[in-house]
file input37.cif (mmCIF, C-alpha atoms)
data_coords
#
loop_
_atom_site.label_atom_id
_atom_site.label_comp_id
_atom_site.auth_asym_id
_atom_site.auth_seq_id
_atom_site.Cartn_x
_atom_site.Cartn_y
_atom_site.Cartn_z
CA MET B 147 101.68 80.08 77.36
CA ASP B 148 101.21 83.77 77.69
CA THR B 149 98.10 83.48 79.82
CA PHE B 150 100.03 81.12 82.07
CA GLU B 151 102.70 83.76 82.53
CA LYS B 152 100.10 86.40 83.18
CA ARG B 153 98.57 84.28 85.89
CA LEU B 154 101.99 83.84 87.47
CA VAL B 155 102.58 87.57 87.37
CA LYS B 156 99.23 88.19 89.01
CA LEU B 157 100.10 85.77 91.78
CA ALA B 158 103.55 87.27 92.21
CA ARG B 159 102.01 90.71 92.40
CA SER B 160 99.82 89.63 95.29
CA GLY B 161 102.96 88.64 97.16
CA ASP B 162 103.26 84.97 96.21
CA THR B 163 107.01 84.37 96.24
CA ARG B 164 106.67 80.88 94.82
CA ALA B 165 104.94 82.24 91.74
CA PHE B 166 107.76 84.71 91.31
CA ALA B 167 110.29 81.92 91.68
CA GLU B 168 108.56 80.20 88.80
CA VAL B 169 108.83 83.32 86.66
CA VAL B 170 112.56 83.34 87.45
CA GLU B 171 112.87 79.68 86.44
CA LEU B 172 111.09 80.35 83.17
CA TYR B 173 113.22 83.28 82.11
CA LYS B 174 116.59 83.18 83.79
CA ASP B 175 118.29 81.14 81.06
CA LYS B 176 116.91 83.25 78.25
CA ILE B 177 117.91 86.47 79.95
CA PHE B 178 121.30 85.04 80.79
CA HIS B 179 121.97 84.14 77.15
CA LEU B 180 120.96 87.57 76.00
CA ALA B 181 123.18 89.25 78.58
CA TYR B 182 126.05 86.87 77.95
CA ARG B 183 126.01 87.56 74.23
CA MET B 184 125.77 91.28 74.84
CA LEU B 185 128.52 91.52 77.42
CA SER B 186 130.73 88.47 76.71
CA ASN B 187 131.29 88.07 80.40
CA ARG B 188 129.71 85.46 82.63
CA HIS B 189 129.96 87.46 85.77
CA GLU B 190 128.43 90.60 84.36
CA ALA B 191 125.74 88.57 82.60
CA GLU B 192 124.66 87.01 85.89
CA ASP B 193 124.61 90.43 87.49
CA VAL B 194 122.32 91.63 84.73
CA VAL B 195 120.01 88.65 85.23
CA GLN B 196 119.79 89.43 88.91
CA ASP B 197 119.17 93.14 88.33
CA THR B 198 116.53 92.32 85.75
CA PHE B 199 114.51 90.17 88.12
CA LEU B 200 114.84 92.69 90.91
CA ARG B 201 113.45 95.37 88.65
CA VAL B 202 110.68 93.10 87.48
CA TYR B 203 109.78 92.40 91.07
CA ARG B 204 109.81 96.05 92.07
CA ASN B 205 107.71 97.07 89.11
CA LEU B 206 105.18 94.23 89.05
CA ASP B 207 102.47 96.79 89.81
CA ARG B 208 103.38 98.75 86.74
CA TYR B 209 103.32 95.79 84.38
CA ASP B 210 100.64 96.40 81.77
CA ALA B 211 98.78 93.15 81.16
CA ASN B 212 98.05 94.14 77.56
CA GLN B 213 101.73 93.79 76.82
CA LYS B 214 103.43 90.45 76.43
CA PHE B 215 105.36 89.59 79.55
CA SER B 216 108.36 88.43 77.54
CA THR B 217 108.53 91.76 75.73
CA TRP B 218 108.55 93.58 79.02
CA ILE B 219 111.26 91.49 80.65
CA TYR B 220 113.44 91.56 77.55
CA ARG B 221 113.16 95.33 77.44
CA ILE B 222 114.37 95.63 81.01
CA ALA B 223 117.25 93.23 80.39
CA THR B 224 118.31 94.83 77.10
CA ASN B 225 118.35 98.28 78.64
CA LEU B 226 120.48 97.06 81.53
CA CYS B 227 122.95 95.51 79.06
CA ILE B 228 123.13 98.65 76.95
CA ASP B 229 123.73 100.73 80.07
CA ARG B 230 126.62 98.50 81.00
CA LEU B 231 128.12 98.65 77.53
CA ARG B 232 127.90 102.44 77.61
CA LYS B 233 129.56 102.61 80.99
CA ARG B 234 132.42 100.57 79.62
CA LYS B 235 132.95 103.20 76.95
CA PRO B 236 136.07 104.91 78.27
CA VAL B 237 138.58 102.53 76.77
CA TYR B 238 142.06 103.19 78.01
CA SER B 239 145.05 102.15 76.06
CA LEU B 240 146.39 98.97 77.55
CA ASP B 241 149.96 100.06 77.17
CA ALA B 242 149.55 103.44 78.81
CA GLU B 243 150.92 103.57 82.33
CA MET B 244 148.43 104.60 84.95
CA ASN B 245 149.22 107.91 86.55
CA ASP B 246 148.75 107.10 90.18
CA GLN B 247 150.47 103.75 90.39
CA GLU B 248 153.89 103.34 88.97
CA GLY B 249 154.61 100.31 86.90
CA VAL B 250 150.93 99.41 86.59
CA ASP B 251 149.64 99.35 83.07
CA GLY B 252 146.35 98.36 81.50
CA TYR B 253 147.22 94.70 81.20
CA SER B 254 147.44 94.19 84.92
CA MET B 255 144.05 95.83 85.37
CA ILE B 256 142.17 93.28 83.26
CA PRO B 257 140.24 90.90 85.48
CA SER B 258 141.72 87.50 84.94
CA ASP B 259 138.42 85.77 84.20
CA ASP B 260 137.30 88.35 81.67
CA ARG B 261 137.25 87.17 78.08
CA THR B 262 139.77 84.41 77.98
CA PRO B 263 137.55 81.58 79.22
CA GLU B 264 134.95 82.31 76.57
CA THR B 265 137.45 82.33 73.70
CA TYR B 266 139.11 79.32 75.25
CA LEU B 267 135.87 77.37 75.06
CA LEU B 268 135.36 78.22 71.43
CA VAL B 269 137.61 75.58 70.05
CA SER B 270 136.90 76.15 66.42
CA GLU B 271 138.32 79.14 64.61
CA THR B 272 134.93 79.88 63.09
CA GLN B 273 133.18 80.04 66.46
CA ARG B 274 135.83 82.37 67.77
CA MET B 275 135.52 84.64 64.76
CA ILE B 276 131.75 84.86 65.06
CA HIS B 277 132.07 85.64 68.72
CA GLU B 278 134.58 88.39 68.05
CA ALA B 279 132.53 89.79 65.19
CA ILE B 280 129.42 90.06 67.38
CA ASP B 281 131.45 91.49 70.20
CA SER B 282 132.86 94.22 67.99
CA LEU B 283 129.42 95.48 66.92
CA PRO B 284 128.51 98.94 68.24
CA ALA B 285 125.94 98.68 71.06
CA LYS B 286 122.92 99.82 69.10
CA TYR B 287 123.47 97.22 66.38
CA LYS B 288 124.59 94.59 68.81
CA SER B 289 121.31 94.52 70.74
CA VAL B 290 119.27 94.34 67.54
CA MET B 291 121.39 91.58 66.00
CA ILE B 292 121.43 89.50 69.15
CA LEU B 293 117.67 89.73 69.54
CA ARG B 294 117.20 88.90 65.87
CA TYR B 295 119.59 85.98 65.46
CA LEU B 296 120.42 84.64 68.88
CA GLN B 297 117.00 85.15 70.47
CA ASP B 298 115.15 84.47 67.25
CA MET B 299 112.81 87.44 67.47
CA SER B 300 110.85 88.95 64.62
CA LEU B 301 111.41 92.54 63.59
CA GLN B 302 108.09 93.45 65.17
CA GLU B 303 109.05 91.83 68.46
CA ILE B 304 112.39 93.64 68.50
CA SER B 305 110.59 96.89 67.82
CA ASP B 306 108.33 96.22 70.82
CA VAL B 307 111.23 95.33 73.09
CA LEU B 308 113.37 98.32 72.16
CA ASP B 309 110.38 100.63 71.82
CA MET B 310 111.51 101.85 68.42
CA PRO B 311 109.73 101.92 65.06
CA VAL B 312 110.06 98.80 62.90
CA THR B 313 111.71 100.85 60.15
CA THR B 314 114.54 101.77 62.50
CA ILE B 315 114.98 98.13 63.50
CA LYS B 316 115.08 97.14 59.83
CA THR B 317 117.79 99.66 59.06
CA ARG B 318 119.83 98.44 62.01
CA VAL B 319 119.49 94.81 61.02
CA HIS B 320 120.64 95.67 57.50
CA ARG B 321 123.66 97.62 58.71
CA GLY B 322 124.47 95.01 61.32
CA ARG B 323 124.30 92.29 58.71
CA GLU B 324 126.66 94.18 56.43
CA PHE B 325 129.02 94.82 59.32
CA LEU B 326 129.16 91.14 60.22
CA ARG B 327 129.42 90.11 56.57
CA LYS B 328 132.58 92.17 56.22
CA LYS B 329 134.01 90.82 59.46
CA LEU B 330 133.32 87.23 58.52
CA GLU B 331 134.26 87.53 54.86
CA ARG B 332 137.29 85.33 55.28
CA LYS B 333 135.23 82.50 56.71
CA ILE B 334 132.64 82.44 53.98
CA MET D 221 118.13 98.31 38.88
CA ASP D 222 121.54 99.36 40.17
CA CYS D 223 123.62 97.37 42.64
CA LYS D 224 122.79 99.68 45.56
CA GLN D 225 119.08 99.06 45.10
CA ALA D 226 119.78 95.37 44.72
CA VAL D 227 121.56 95.20 48.11
CA SER D 228 118.63 96.92 49.78
CA LEU D 229 116.29 94.35 48.24
CA MET D 230 118.56 91.53 49.41
CA HIS D 231 118.14 92.64 53.00
CA SER D 232 114.40 92.88 52.61
CA LEU D 233 114.42 89.37 51.17
CA LEU D 234 116.36 88.10 54.17
CA ASP D 235 113.82 89.83 56.41
CA ASP D 236 111.04 87.95 54.63
CA ASP D 237 109.72 91.29 53.64
CA LEU D 238 109.87 91.38 49.84
CA GLU D 239 107.04 91.19 47.36
CA GLN D 240 107.09 88.49 44.74
CA SER D 241 107.57 90.94 41.88
CA SER D 242 110.56 92.66 43.51
CA ALA D 243 112.08 89.29 44.36
CA LEU D 244 111.95 88.32 40.71
CA GLU D 245 113.56 91.59 39.70
CA LEU D 246 116.34 90.99 42.19
CA LYS D 247 116.89 87.48 40.91
CA GLU D 248 117.14 88.79 37.40
CA HIS D 249 119.68 91.40 38.44
CA MET D 250 121.84 88.86 40.23
CA LEU D 251 121.86 86.59 37.20
CA GLY D 252 123.61 89.32 35.28
CA CYS D 253 125.77 90.69 38.14
CA PRO D 254 128.31 88.31 39.71
CA ALA D 255 129.32 90.88 42.35
CA CYS D 256 125.77 91.09 43.67
CA LYS D 257 125.40 87.34 43.52
CA GLU D 258 128.51 87.00 45.67
CA HIS D 259 127.26 89.70 48.03
CA PHE D 260 124.00 87.86 48.55
CA HIS D 261 125.78 84.58 49.07
CA GLN D 262 127.92 86.18 51.77
CA LEU D 263 124.88 87.64 53.53
CA GLU D 264 123.15 84.30 53.50
CA SER D 265 126.22 82.56 54.89
CA THR D 266 126.55 85.21 57.59
CA GLU D 267 122.99 84.51 58.68
CA GLN D 268 123.67 80.81 58.73
CA LEU D 269 126.77 81.26 60.85
CA LEU D 270 124.81 83.38 63.30
CA TYR D 271 121.99 80.88 63.59
CA GLY D 272 124.48 78.08 64.00
CA PHE D 273 126.35 79.95 66.69
CA ASN D 274 123.23 79.86 68.77
CA HIS D 275 123.59 76.18 69.54
CA ARG D 276 126.61 76.59 71.72
CA LEU D 277 124.94 77.98 74.73
CA GLN D 278 126.33 78.47 78.16
CA THR D 279 124.19 78.00 81.23
CA PRO D 280 124.19 80.30 84.22
CA SER D 281 125.49 79.16 87.60
CA PRO D 282 123.14 76.68 89.28
CA ASP D 283 122.73 78.89 92.34
CA LEU D 284 121.57 81.92 90.35
CA THR D 285 117.86 81.41 91.08
CA GLU D 286 118.58 81.14 94.75
CA ARG D 287 120.65 84.31 94.68
CA ILE D 288 117.89 86.19 92.89
CA LEU D 289 115.22 85.09 95.32
CA LYS D 290 117.42 85.98 98.26
CA ALA D 291 117.97 89.46 96.93
CA ILE D 292 114.26 90.18 96.76
CA PRO D 293 113.10 92.34 99.62
CA GLU D 294 110.43 90.41 101.53
CA LYS D 295 108.69 93.11 103.47
CA GLN D 296 108.25 95.23 100.41
CA LYS D 297 104.69 94.08 99.79
CA GLN D 298 103.33 95.31 103.11
CA GLN D 299 105.03 98.62 102.79
CA ALA D 300 103.64 98.97 99.31
CA ALA D 301 100.12 98.54 100.70
CA TRP D 302 100.19 101.57 102.94
CA LEU D 303 102.16 103.53 100.39
CA LYS D 304 99.44 102.81 97.88
CA TRP D 305 96.81 104.04 100.34
CA VAL D 306 98.80 107.22 100.90
CA LYS D 307 99.08 107.76 97.16
CA ARG D 308 95.35 107.32 96.73
CA HIS D 309 94.37 109.72 99.52
CA PRO D 310 96.81 112.61 99.40
CA ALA D 311 94.47 115.15 101.05
CA ILE D 312 93.70 112.98 104.06
CA THR D 313 97.37 112.16 104.42
CA VAL D 314 98.35 115.82 104.43
CA ALA D 315 95.62 116.62 106.97
CA ALA D 316 96.65 113.74 109.21
CA VAL D 317 100.31 114.75 109.09
CA PHE D 318 99.35 118.35 109.89
CA VAL D 319 97.29 117.34 112.92
CA LEU D 320 100.07 115.07 114.14
CA VAL D 321 102.68 117.80 113.86
CA MET D 322 100.47 120.33 115.61
CA MET D 323 99.67 117.99 118.46
CA GLY D 324 103.28 116.99 118.75
CA SER D 325 104.53 120.54 119.01
CA ALA D 326 101.82 121.55 121.49
CA LEU D 327 102.57 118.57 123.67
CA SER D 328 106.29 119.13 123.53
CA MET D 329 105.79 122.75 124.55
CA TRP D 330 103.86 121.53 127.54
CA ASN D 331 106.19 118.70 128.37
CA ALA D 332 109.67 119.76 127.44
CA ASP D 333 110.38 122.74 129.67
CA GLN D 334 110.84 121.51 133.20
CA GLN D 335 112.61 124.74 134.05
CA MET D 336 110.72 127.37 135.91
CA ILE D 337 109.69 130.39 133.92
CA VAL D 338 108.36 133.60 135.46
CA LYS D 339 106.70 136.22 133.34
CA GLY D 340 105.45 139.60 134.45
CA GLN D 341 105.63 143.30 133.65
CA GLN D 342 107.36 144.22 136.85
CA LEU D 343 109.33 141.71 138.91
CA ASP D 344 111.36 144.05 141.12
CA GLY D 345 110.10 142.96 144.49
CA VAL D 346 109.80 139.31 143.64
CA ILE D 347 112.19 136.78 145.09
CA ILE D 348 112.94 133.95 142.73
CA GLU D 349 114.45 130.74 144.04
CA GLU D 350 115.16 127.48 142.26
CA ASN D 351 111.53 126.43 141.79
CA LYS D 352 109.79 128.95 143.96
CA VAL D 353 108.54 132.46 143.41
CA ILE D 354 108.00 134.48 146.53
CA ILE D 355 106.16 137.76 146.72
CA PRO D 356 107.14 138.96 150.21
CA ASN D 357 104.85 140.60 152.65
CA GLY D 358 104.40 144.33 151.99
CA LYS D 359 105.60 144.23 148.39
CA VAL D 360 103.29 145.26 145.56
CA VAL D 361 103.63 143.66 142.12
CA LYS D 362 101.98 145.64 139.38
CA GLY D 363 100.56 143.78 136.39
CA ASP D 364 99.93 140.10 135.62
CA LEU D 365 102.18 137.29 136.73
CA THR D 366 102.65 133.94 134.99
CA ILE D 367 104.65 131.11 136.48
CA HIS D 368 105.53 127.83 134.71
CA ASN D 369 106.72 124.74 136.57
CA GLY D 370 106.99 126.27 139.96
CA LEU D 371 105.46 127.10 143.28
CA ALA D 372 104.13 130.59 143.89
CA GLU D 373 104.06 131.85 147.45
CA VAL D 374 102.15 135.05 147.77
CA TYR D 375 102.47 137.07 150.97
CA GLY D 376 102.19 140.54 149.45
CA ASP D 377 99.99 142.26 146.90
CA VAL D 378 99.53 141.54 143.19
CA GLU D 379 97.65 144.12 141.16
CA GLY D 380 96.66 141.80 138.34
CA ASN D 381 96.04 138.14 137.49
CA VAL D 382 98.21 135.28 138.68
CA THR D 383 98.45 132.22 136.44
CA VAL D 384 100.29 129.09 137.48
CA VAL D 385 100.95 126.45 134.87
CA ASP D 386 102.02 123.02 136.08
CA GLY D 387 102.64 124.24 139.56
CA ARG D 388 100.99 125.31 142.78
CA ILE D 389 100.03 128.55 144.38
CA PHE D 390 100.14 129.32 148.04
CA GLN D 391 98.32 132.39 149.29
CA ALA D 392 99.10 133.65 152.77
CA SER D 393 96.47 135.45 154.79
CA THR D 394 98.29 138.69 154.12
CA ALA D 395 98.15 138.15 150.36
CA HIS D 396 96.04 140.34 148.18
CA ILE D 397 95.48 139.56 144.51
CA SER D 398 93.30 142.04 142.67
CA GLY D 399 92.83 139.92 139.56
CA SER D 400 91.93 136.26 139.15
CA VAL D 401 94.01 133.30 140.19
CA GLN D 402 94.30 130.45 137.72
CA GLN D 403 95.99 127.08 137.98
CA ILE D 404 96.56 125.01 134.88
CA ASP D 405 97.69 121.43 135.19
CA GLU D 406 96.62 119.39 132.24
CA ALA D 407 97.81 119.39 128.69
CA MET D 408 94.39 120.07 127.24
CA SER D 409 93.69 123.07 129.42
CA TRP D 410 97.18 124.31 128.65
CA ILE D 411 96.33 124.21 124.94
CA TRP D 412 93.02 125.90 125.64
CA TYR D 413 94.77 128.56 127.66
CA GLN D 414 97.18 129.12 124.75
CA ILE D 415 94.34 129.50 122.31
CA THR D 416 92.30 131.91 124.47
CA ASN D 417 95.46 133.83 125.14
CA LEU D 418 96.11 134.08 121.43
CA PHE D 419 92.67 135.60 120.82
CA SER D 420 92.48 137.81 123.88
CA SER D 421 96.00 139.17 123.47
CA ALA D 422 95.41 140.19 119.88
CA PRO D 423 92.92 143.00 120.55
CA SER D 424 94.79 144.20 123.61
CA ALA D 425 97.90 144.68 121.51
CA LYS D 426 96.34 147.68 119.80
#

call {"tool": "encode", "arguments": {"input": "input37.cif", "output": "structure tokens"}}
result
Amino acid sequence: MDTFEKRLVKLARSGDTRAFAEVVELYKDKIFHLAYRMLSNRHEAEDVVQDTFLRVYRNLDRYDANQKFSTWIYRIATNLCIDRLRKRKPVYSLDAEMNDQEGVDGYSMIPSDDRTPETYLLVSETQRMIHEAIDSLPAKYKSVMILRYLQDMSLQEISDVLDMPVTTIKTRVHRGREFLRKKLERKI
Amino acid sequence: MDCKQAVSLMHSLLDDDLEQSSALELKEHMLGCPACKEHFHQLESTEQLLYGFNHRLQTPSPDLTERILKAIPEKQKQQAAWLKWVKRHPAITVAAVFVLVMMGSALSMWNADQQMIVKGQQLDGVIIEENKVIIPNGKVVKGDLTIHNGLAEVYGDVEGNVTVVDGRIFQASTAHISGSVQQIDEAMSWIWYQITNLFSSAPSAK
């Protein structure tokens, strides 16, 4: 599998667009799921998928063939998601009136397709709670937990993707697990 | 073993990263500690919920692949080829750029000024018209005379060299030029003239 990917990358590097299209086909769903879980927003998740492949394409020359291709692409995608989460940081109070426009408060600024459709789809109370619990994780735990449980990666793989020592990943998984345990206590 | 240690071991167990002996110790602790037993049960259930959550997956829009491939710059590969060459040969690139700039500036000096320029130490008796320089009969011009882009008509005397760049010189029978007469028409000889001028003017500046 991995040698197949490497061959594709080699072809794509030499300018073969069809080979690159195949790389996109292979990974777009996986990257989309990762981004969707991280950001809880379809639109943003698709943007991240697009940015990820653009970066992959631009940096094909710099891809080190000793590394697993999946590790490399996941690293790019995870970093893009974390960047977006950080940029979201300034959370304004929804009830506070905006200074420049009278009568406009935070509620009217929320894009209509933001989180509602997702929660709407999660019919069961349990699904909704899990979604909210994951969503409320701080970014650094969120990425680790999503890679661990929703992308089914081993601690070693996560450490490769995030470029952090395994011990750090372990600590984050433990804390993330405790965090989610407390959030989901009522459901257990 | 205290409960804090036990929790740490629980996580290691869930990571599949606990030795047999420690696992047995943990089991023993949980048998005697209902709180820890409950804690472990909750952690296990949390994991199960997370794994189960995975099955409800959304799919991206069907046109996503198309959008991605459209966004990819097509010409990039060719550009990258010469960029790579430039990166591999920095010295040659710098030299080539230097030569280009030098040639460009020399050529523009030769080409750009279509206006007539007259240079000389003493131009009192000289008549200058739109693109004509006239040294009238009976007048004496002391020192060298340089004319760019114009016609020089000499009827009088010049006590020095006359140089005409990109122009013509007309000498009447009454004309007397004590120095040499030079006409420069081509770009290359213009550059050569500049260079010889540069070297010959340096010592005379003393």

call {"tool": "resolve_selection", "arguments": {"input": "input37.cif", "expression": "the PyMOL selection byres ((chain D) within 7 of (chain B))", "output": "ChimeraX atom specification"}}
result
/D:231,262-263,265-266,270-271,273-274,279-280,285,288-289,292,297

call {"tool": "write_last_selection", "arguments": {"input": "input37.cif", "atoms": "C-alpha atoms", "output": "short mmCIF file (atom, residue, chain, number, x, y, z; two decimals), in the coordinates of the input"}}
result
data_model
loop_
_atom_site.label_atom_id
_atom_site.label_comp_id
_atom_site.auth_asym_id
_atom_site.auth_seq_id
_atom_site.Cartn_x
_atom_site.Cartn_y
_atom_site.Cartn_z
CA HIS D 231 118.14 92.64 53.00
CA GLN D 262 127.92 86.18 51.77
CA LEU D 263 124.88 87.64 53.53
CA SER D 265 126.22 82.56 54.89
CA THR D 266 126.55 85.21 57.59
CA LEU D 270 124.81 83.38 63.30
CA TYR D 271 121.99 80.88 63.59
CA PHE D 273 126.35 79.95 66.69
CA ASN D 274 123.23 79.86 68.77
CA THR D 279 124.19 78.00 81.23
CA PRO D 280 124.19 80.30 84.22
CA THR D 285 117.86 81.41 91.08
CA ILE D 288 117.89 86.19 92.89
CA LEU D 289 115.22 85.09 95.32
CA ILE D 292 114.26 90.18 96.76
CA LYS D 297 104.69 94.08 99.79
#

call {"tool": "resolve_selection", "arguments": {"input": "input37.cif", "expression": "the PyMOL selection byres ((chain D and resi 379) around 7)", "output": "PyMOL selection string"}}
result
chain D and resi 361-363+377-378+380+397-399

call {"tool": "atom_distance", "arguments": {"input": "input37.cif", "atom1": "atom CA of Asn212 of chain B", "atom2": "atom CA of His309 of chain D"}}
result
27.2 Å

call {"tool": "residues_around", "arguments": {"input": "input37.cif", "residues": "Thr217 of chain B", "least_positions_apart": "5", "cutoff": "8 Å", "atoms": "all atoms listed in the file", "output": "PDB file with C-alpha atoms, in the coordinates of the input"}}
result
ATOM      1  CA  GLU B 303     109.050  91.830  68.460  1.00  0.00           C
ATOM      2  CA  ASP B 306     108.330  96.220  70.820  1.00  0.00           C
ATOM      3  CA  VAL B 307     111.230  95.330  73.090  1.00  0.00           C
TER       4      VAL B 307
END

call {"tool": "atom_distance", "arguments": {"input": "input37.cif", "atom1": "atom CA of Gly376 of chain D", "atom2": "atom CA of Ala395 of chain D"}}
result
4.8 Å

call {"tool": "atom_distance", "arguments": {"input": "input37.cif", "atom1": "atom CA of Arg332 of chain B", "atom2": "atom CA of Ala255 of chain D"}}
result
16.2 Å

call {"tool": "resolve_selection", "arguments": {"input": "input37.cif", "expression": "the PyMOL selection byres ((chain D and resi 370) around 12)", "output": "ChimeraX atom specification"}}
result
/D:333-339,348-354,366-369,371-373,383-390,403-405

call {"tool": "closest_residue", "arguments": {"input": "input37.cif", "among": "B:Val290, B:Arg153, B:Trp218, B:Ser282", "to": "Val312 of chain B", "atoms": "only C-alpha atoms"}}
result
B:Val290
